Every structure is written in structure tokens, then in C-alpha cells.
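What follows is a short report on a single structure.
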Amino acid sequence: MLSLRSFNRLMWGLYVLTAVVHIGALLQQVDSLARATQPLFAPLLLGALLTAVPMRSRTVSLLSLGLLCAWAGDTLGQVGPQHMQTIAALGFLGALTCYALALWPLWLRSRDPLRIMLAIPYGAVVIALFVACADGAGPLLPLVVLYAVALTAMAFLSVGGNAWTWMGGTLFLLSSSLLGMDWFLPGAAIAYSTELVMLTYTVGHGLLIAGMIRTLPGRSDGRHCSSGAALVIVEP
């Protein structure tokens with residue numbers, strides 16, 4: 001019988017394999033395989049989260065809810081392609097909000113002026129993209145505004161966790177930026193845009209969840225990594 005630690009490694013291995021297969025399917029234009037693998041990302045990350053941190057806490061609950069929202073964004077858009085943009089944006093708006101709320105306590109405990117300065121450009125990037133894409137958003141403009149705010153908050157707060165959350169938040173920001181340009185910016189022809197969106201999304205999402213796991217007590221491998229030498233996070 002597999003231990004929690006072994007099952008956790010299996011979840012991460014399957015996630016990496018699924019991501020590689022998905023990107024390969026996009027490159028080879030095997031649409032059926034790409035559609036079949038995309039809904040697996042969030043459940044595999046959820047499995048990795050719950051097997052790594054069996055203890056329930058506010059952070060684990062928020063991350064789990066965020067992954068369910070991400071699954072909705074990945075999956076339900078395929079059910080109703082005519083509303084794909086709205087469904088995906090709503091799903092990931094929920095995911096980003098949950099991730100930002102999960103990251104908030106870490107930010108409060110590890111506020112670093114240097115990190116804050118390095119994170120400020122994230123807001124500038126999102127504002128510039130929003131201005132460029134606003135005309136093309138049409139009736140989705142209010143939703144795009146909310147998404148931009150949530151994306152900025154998540155990316156900014158990810159800096160307060162650790163290197164993993166920081167890289168994950170940055171790649172998530174890059175993925176959403178590329179997707180926004182692809183959807184709403186006429187004439188923005190980016191080679192392999194879909195493949196780049198999914199590559200940065202899968203790597204960024206995985207790093208963000210892995211980084212959050214490393215900040216939590218009660219991990220199944222018995223280790224606990226904090227974002228600072230004196231930082232200890234204890235949750236009820």
C-alpha cells in the first residue's frame with residue numbers, strides 16, 4: 001500500500017507527465033488529446049496538496065477551493081465553447097482570489113522592502129495590458145477589470161511567500177498576460193501563443209501550489225520550510 005509520501009510523489013509525477021503530454025498535443029495539433037488532458041491539471045494538483053498536507057487549515061481550504069475554480073475554468077469552457085472566455089475568466093477569477101487570500105498571511109509575516117520594490121512592476125504590467133486590451137474586451141470589460149485586480153494581487157502577494165510562490169506567481173501573471181493579448185488585442189500575433197500560455201500556466205500553477213505546501217506545517221514528509229529564518233506559521 002502506498003504511503004502518503006509515495007502517493008504525493010505519484011501525483012506530482014502524473015502532473016508533470018500530463019503537462020508534457022498536453023503541450024506536446026498542442027504542438028502536434030492533436031486537439032482531442034489536448035482537451036482530454038487539460039481538465040486533469042487541477043485534480044492532480046489537488047491530490048498533491050491533500051497528500052502533502054493531511055491536516056486541514058484555512059490555507060489548505062483556500063488552495064483547494066482555488067483549484068476547484070481552476071478546474072472549472074479549464075473544463076467548463078470546453079462544454080460551452082461559445083462562452084469559453086467568460087467561463088474561463090470566472091473560474092480563474094475565483095482561483096486567483098483564493099490564492100491571494102491564502103498568500104495574504106505570508107505577506108503580512110514577511111514584508112520585505114526589497115521584495116515589495118521588485119513586485120511593484122507587476123501592477124504596471126497589468127495596467128499596461130489592461131489599457132491595451134480594454135477596447136477588445138467588449139462586454140467582458142467589467143469581468144476583465146476584476147480579473148486584472150485579482151491577478152495583480154495574487155502576483156504581488158506571491159512575493160511574500162518563498163522563491164517557489166514568487167516564480168509561480170510571476171509565471172501565472174505571464175500566462176494570463178499572453179492569454180489576454182491573444183483574446184483581446186487585435187493584431188498581437190505571438191508565435192506559439194497557445195503553447196506558451198499553457199506552458200507558463202502549468203509550470204506556474206505547479207510552482208505556486210508547491211511553494212504554498214512548503215510553507216505549511218504538518219506536511220507528510222515531516223519538513224516545513226518558511227520564507228524567513230524566524231518565520232513559523234501555525235494555523236488552527
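Please note that chains go A, B, ... in the order of the C-alpha cells, that every chain numbers its residues from 1, and that ligands are numbered from 1 in the order shown.
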
> Thr200 (chain A): which residues within 7 Å, counting only C-alpha atoms, same-chain residues fewer than 4 positions away excluded, as a list in words?
Replying inline: Leu171, Phe172, Leu174, Ser175, Leu196 and Gly204 of chain A

Pull N, CA and C atoms from the residues just selected and write them as a short mmCIF file (atom, residue, chain, number, x, y, z; two decimals), in the first residue's frame.
data_model
loop_
_atom_site.label_atom_id
_atom_site.label_comp_id
_atom_site.auth_asym_id
_atom_site.auth_seq_id
_atom_site.Cartn_x
_atom_site.Cartn_y
_atom_site.Cartn_z
N LEU A 171 4.98 33.47 -13.26
CA LEU A 171 4.61 32.72 -14.46
C LEU A 171 3.10 32.75 -14.69
N PHE A 172 2.33 32.74 -13.61
CA PHE A 172 0.87 32.86 -13.72
C PHE A 172 0.52 34.21 -14.36
N LEU A 174 2.47 35.97 -16.31
CA LEU A 174 2.88 35.92 -17.71
C LEU A 174 1.87 35.15 -18.55
N SER A 175 1.39 34.02 -18.02
CA SER A 175 0.41 33.21 -18.75
C SER A 175 -0.86 34.00 -19.03
N LEU A 196 2.66 28.61 -25.36
CA LEU A 196 3.33 29.40 -24.33
C LEU A 196 2.40 29.68 -23.15
N GLY A 204 3.75 27.51 -13.75
CA GLY A 204 3.46 28.49 -12.72
C GLY A 204 2.49 27.98 -11.67
#

>> At a cut-off of 10 Å, using only C-alpha atoms, what residues contact Ala36 (chain A)? Leave out same-chain residues fewer than 5 positions from it and give the result as a PyMOL selection string.
In response: chain A and resi 18+22+31+75+78

Could those selected residues go to a file with N, CA, C and O atoms, as a tab-separated table (two decimals), in the first residue's frame?
chain	number	residue	atom	x	y	z
A	18	THR	N	1.30	14.77	-17.42
A	18	THR	CA	0.11	15.29	-18.09
A	18	THR	C	0.40	16.63	-18.76
A	18	THR	O	-0.06	16.88	-19.89
A	22	HIS	N	0.18	17.33	-22.68
A	22	HIS	CA	-0.71	18.39	-23.15
A	22	HIS	C	0.03	19.36	-24.09
A	22	HIS	O	-0.49	19.69	-25.17
A	31	ASP	N	-5.99	17.98	-31.08
A	31	ASP	CA	-6.93	18.72	-30.23
A	31	ASP	C	-7.65	17.83	-29.22
A	31	ASP	O	-7.90	18.24	-28.08
A	75	THR	N	-12.17	23.27	-17.55
A	75	THR	CA	-13.07	22.22	-18.04
A	75	THR	C	-14.36	22.74	-18.65
A	75	THR	O	-14.74	22.35	-19.76
A	78	GLN	N	-14.83	24.07	-22.20
A	78	GLN	CA	-14.91	23.11	-23.29
A	78	GLN	C	-16.35	22.64	-23.51
A	78	GLN	O	-16.71	22.22	-24.61

> Excluding same-chain residues fewer than 3 positions from Gly91 (chain A), what lies within 6 Å of it counting only C-alpha atoms, as a list in words?
Replying inline: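 Close residues of Gly91 (chain A): Cys69, Ala70, Ala72, Gly73, Ala88 and Gly94 of chain A.
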
Contact check, region 14-104 of chain A to region 146-151 of chain A, at most 12 Å, counting only C-alpha atoms, closest pairs as a Markdown table:
| residue | atom | partner | partner_atom | distance |
| --- | --- | --- | --- | --- |
| A:Gln85 | CA | A:Tyr147 | CA | 11.9 |
| A:Thr86 | CA | A:Tyr147 | CA | 11.0 |
| A:Ala88 | CA | A:Tyr147 | CA | 10.6 |
| A:Ala89 | CA | A:Tyr147 | CA | 7.0 |
| A:Leu90 | CA | A:Tyr147 | CA | 8.1 |
| A:Gly91 | CA | A:Tyr147 | CA | 10.0 |
| A:Phe92 | CA | A:Tyr147 | CA | 7.9 |
| A:Leu93 | CA | A:Tyr147 | CA | 5.4 |
| A:Gly94 | CA | A:Ala150 | CA | 8.7 |
| A:Ala95 | CA | A:Ala150 | CA | 9.1 |
| A:Leu96 | CA | A:Ala150 | CA | 5.8 |
| A:Thr97 | CA | A:Ala150 | CA | 5.7 |
| A:Cys98 | CA | A:Ala150 | CA | 9.3 |
| A:Tyr99 | CA | A:Ala150 | CA | 9.2 |
| A:Ala100 | CA | A:Ala150 | CA | 7.4 |
| A:Leu101 | CA | A:Ala150 | CA | 10.1 |

>> Taking only C-alpha atoms into account, name the residue in A:Pro217, A:Gly168, A:Gly77, A:Gly24 that is nearest to Val60 (chain A).
In response: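 Closest to Val60 (chain A), using only C-alpha atoms: A:Pro217.
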
> Which residue out of A:Ala52, A:Leu62, A:Ala19, A:Leu208 has the minimum interatomic distance to Ser6 (chain A) when only C-alpha atoms are used?
Replying inline: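 Among A:Ala52, A:Leu62, A:Ala19, A:Leu208, it is A:Ala52 that comes nearest to Ser6 (chain A).
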
> Which distance in Å separates CA of Gly169 (chain A) and CA of Ile116 (chain A), to one decimal?
Replying inline: 13.9 Å

> Nearest to Thr194 (chain A): which of A:Met181, A:Leu173, A:Gly13, A:Val53 is it, counting only C-alpha atoms?
Replying inline: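 Closest residue, counting only C-alpha atoms: A:Met181.
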
> How would you write, as JSON, numbers by chain, the set of residues in region 53-229 of chain A that DSSP gives as alpha helix (DSSP H)?
Replying inline: {"A": [58, 59, 60, 61, 62, 63, 64, 65, 66, 67, 68, 69, 70, 71, 72, 73, 74, 75, 76, 77, 78, 79, 84, 85, 86, 87, 88, 89, 90, 91, 92, 93, 94, 95, 96, 97, 98, 99, 100, 101, 102, 103, 104, 105, 106, 107, 108, 109, 113, 114, 115, 116, 117, 118, 119, 120, 121, 122, 123, 124, 125, 126, 127, 128, 129, 130, 131, 132, 133, 134, 135, 136, 137, 141, 142, 143, 144, 145, 146, 147, 148, 149, 150, 151, 152, 153, 154, 155, 156, 157, 158, 163, 164, 165, 166, 167, 168, 169, 170, 171, 172, 173, 174, 175, 176, 177, 178, 179, 180, 181, 182, 183, 184, 193, 194, 195, 196, 197, 198, 199, 200, 201, 202, 203, 204, 205, 206, 207, 208, 209, 210, 211, 212, 213, 214, 215]}

>> Would you pick out the contacts of Thr37 (chain A) at 12 Å or less, using only C-alpha atoms, so that residues sharing its chain but fewer than 3 positions from it are not included, and give the list as an MDAnalysis selection string?
In response: chainID A and resid 14:26 30:34 40:44 71 74:75 78 198 202

Preceding selection exported with C-alpha atoms as an mmCIF file, in the first residue's frame:
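And here is the file that came out, selection18.cif:
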data_model
loop_
_atom_site.group_PDB
_atom_site.id
_atom_site.type_symbol
_atom_site.label_atom_id
_atom_site.label_comp_id
_atom_site.auth_asym_id
_atom_site.auth_seq_id
_atom_site.Cartn_x
_atom_site.Cartn_y
_atom_site.Cartn_z
ATOM 1 C CA LEU A 14 1.422 12.456 -13.081
ATOM 2 C CA TYR A 15 1.029 16.230 -13.131
ATOM 3 C CA VAL A 16 4.352 16.719 -14.897
ATOM 4 C CA LEU A 17 3.571 13.901 -17.333
ATOM 5 C CA THR A 18 0.110 15.294 -18.086
ATOM 6 C CA ALA A 19 1.524 18.772 -18.672
ATOM 7 C CA VAL A 20 4.176 17.426 -21.051
ATOM 8 C CA VAL A 21 1.597 15.377 -22.958
ATOM 9 C CA HIS A 22 -0.712 18.391 -23.154
ATOM 10 C CA ILE A 23 1.974 20.716 -24.521
ATOM 11 C CA GLY A 24 3.029 18.024 -26.978
ATOM 12 C CA ALA A 25 -0.572 17.607 -28.118
ATOM 13 C CA LEU A 26 -0.835 21.349 -28.715
ATOM 14 C CA VAL A 30 -3.931 16.806 -31.547
ATOM 15 C CA ASP A 31 -6.927 18.718 -30.231
ATOM 16 C CA SER A 32 -8.731 15.742 -28.720
ATOM 17 C CA LEU A 33 -5.726 14.845 -26.554
ATOM 18 C CA ALA A 34 -5.219 18.460 -25.512
ATOM 19 C CA LEU A 40 -6.633 16.814 -15.241
ATOM 20 C CA PHE A 41 -4.293 19.591 -14.107
ATOM 21 C CA ALA A 42 -6.241 20.900 -11.124
ATOM 22 C CA PRO A 43 -7.320 17.477 -9.739
ATOM 23 C CA LEU A 44 -3.716 16.259 -9.819
ATOM 24 C CA TRP A 71 -10.712 23.086 -12.747
ATOM 25 C CA ASP A 74 -10.098 24.521 -17.521
ATOM 26 C CA THR A 75 -13.066 22.219 -18.038
ATOM 27 C CA GLN A 78 -14.913 23.111 -23.294
ATOM 28 C CA MET A 198 -0.236 26.560 -21.291
ATOM 29 C CA THR A 202 1.160 24.606 -15.904
#

> If you count only C-alpha atoms, which residues fall within 12 Å of Val125 (chain A), apart from same-chain ones fewer than 3 positions away, as a count of residues only?
Replying inline: 21

> Leaving out Arg115 (chain A) and any residue of its chain fewer than 6 positions from it, which residues lie within 10 Å of it when counting only C-alpha atoms, given as a count of residues only?
Replying inline: 5

>> Just want the 12 Å neighbourhood of Arg9 (chain A), counted on only C-alpha atoms, with same-chain residues fewer than 6 positions away dropped. Output as an NGL selection string.
In response: :A and (2-3 or 15-16 or 44-45 or 47-52 or 210 or 220-221)

>> Using only C-alpha atoms, can you tell me which of A:Leu118, A:Leu199, A:Leu106, A:Leu65 comes closest to Leu216 (chain A)?
In response: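 Smallest distance to Leu216 (chain A) is found for A:Leu106.
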
>> What does the structure give for the distance between CA of Pro54 (chain A) and CA of Gly211 (chain A), in Å to one decimal?
In response: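 Rounded to one decimal, the two atoms are 16.2 Å apart.
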
> Pick the closest to Thr165 (chain A) from A:Leu108, A:Leu76, A:Met55, A:Ile213: which is it, counting only C-alpha atoms?
Replying inline: A:Ile213
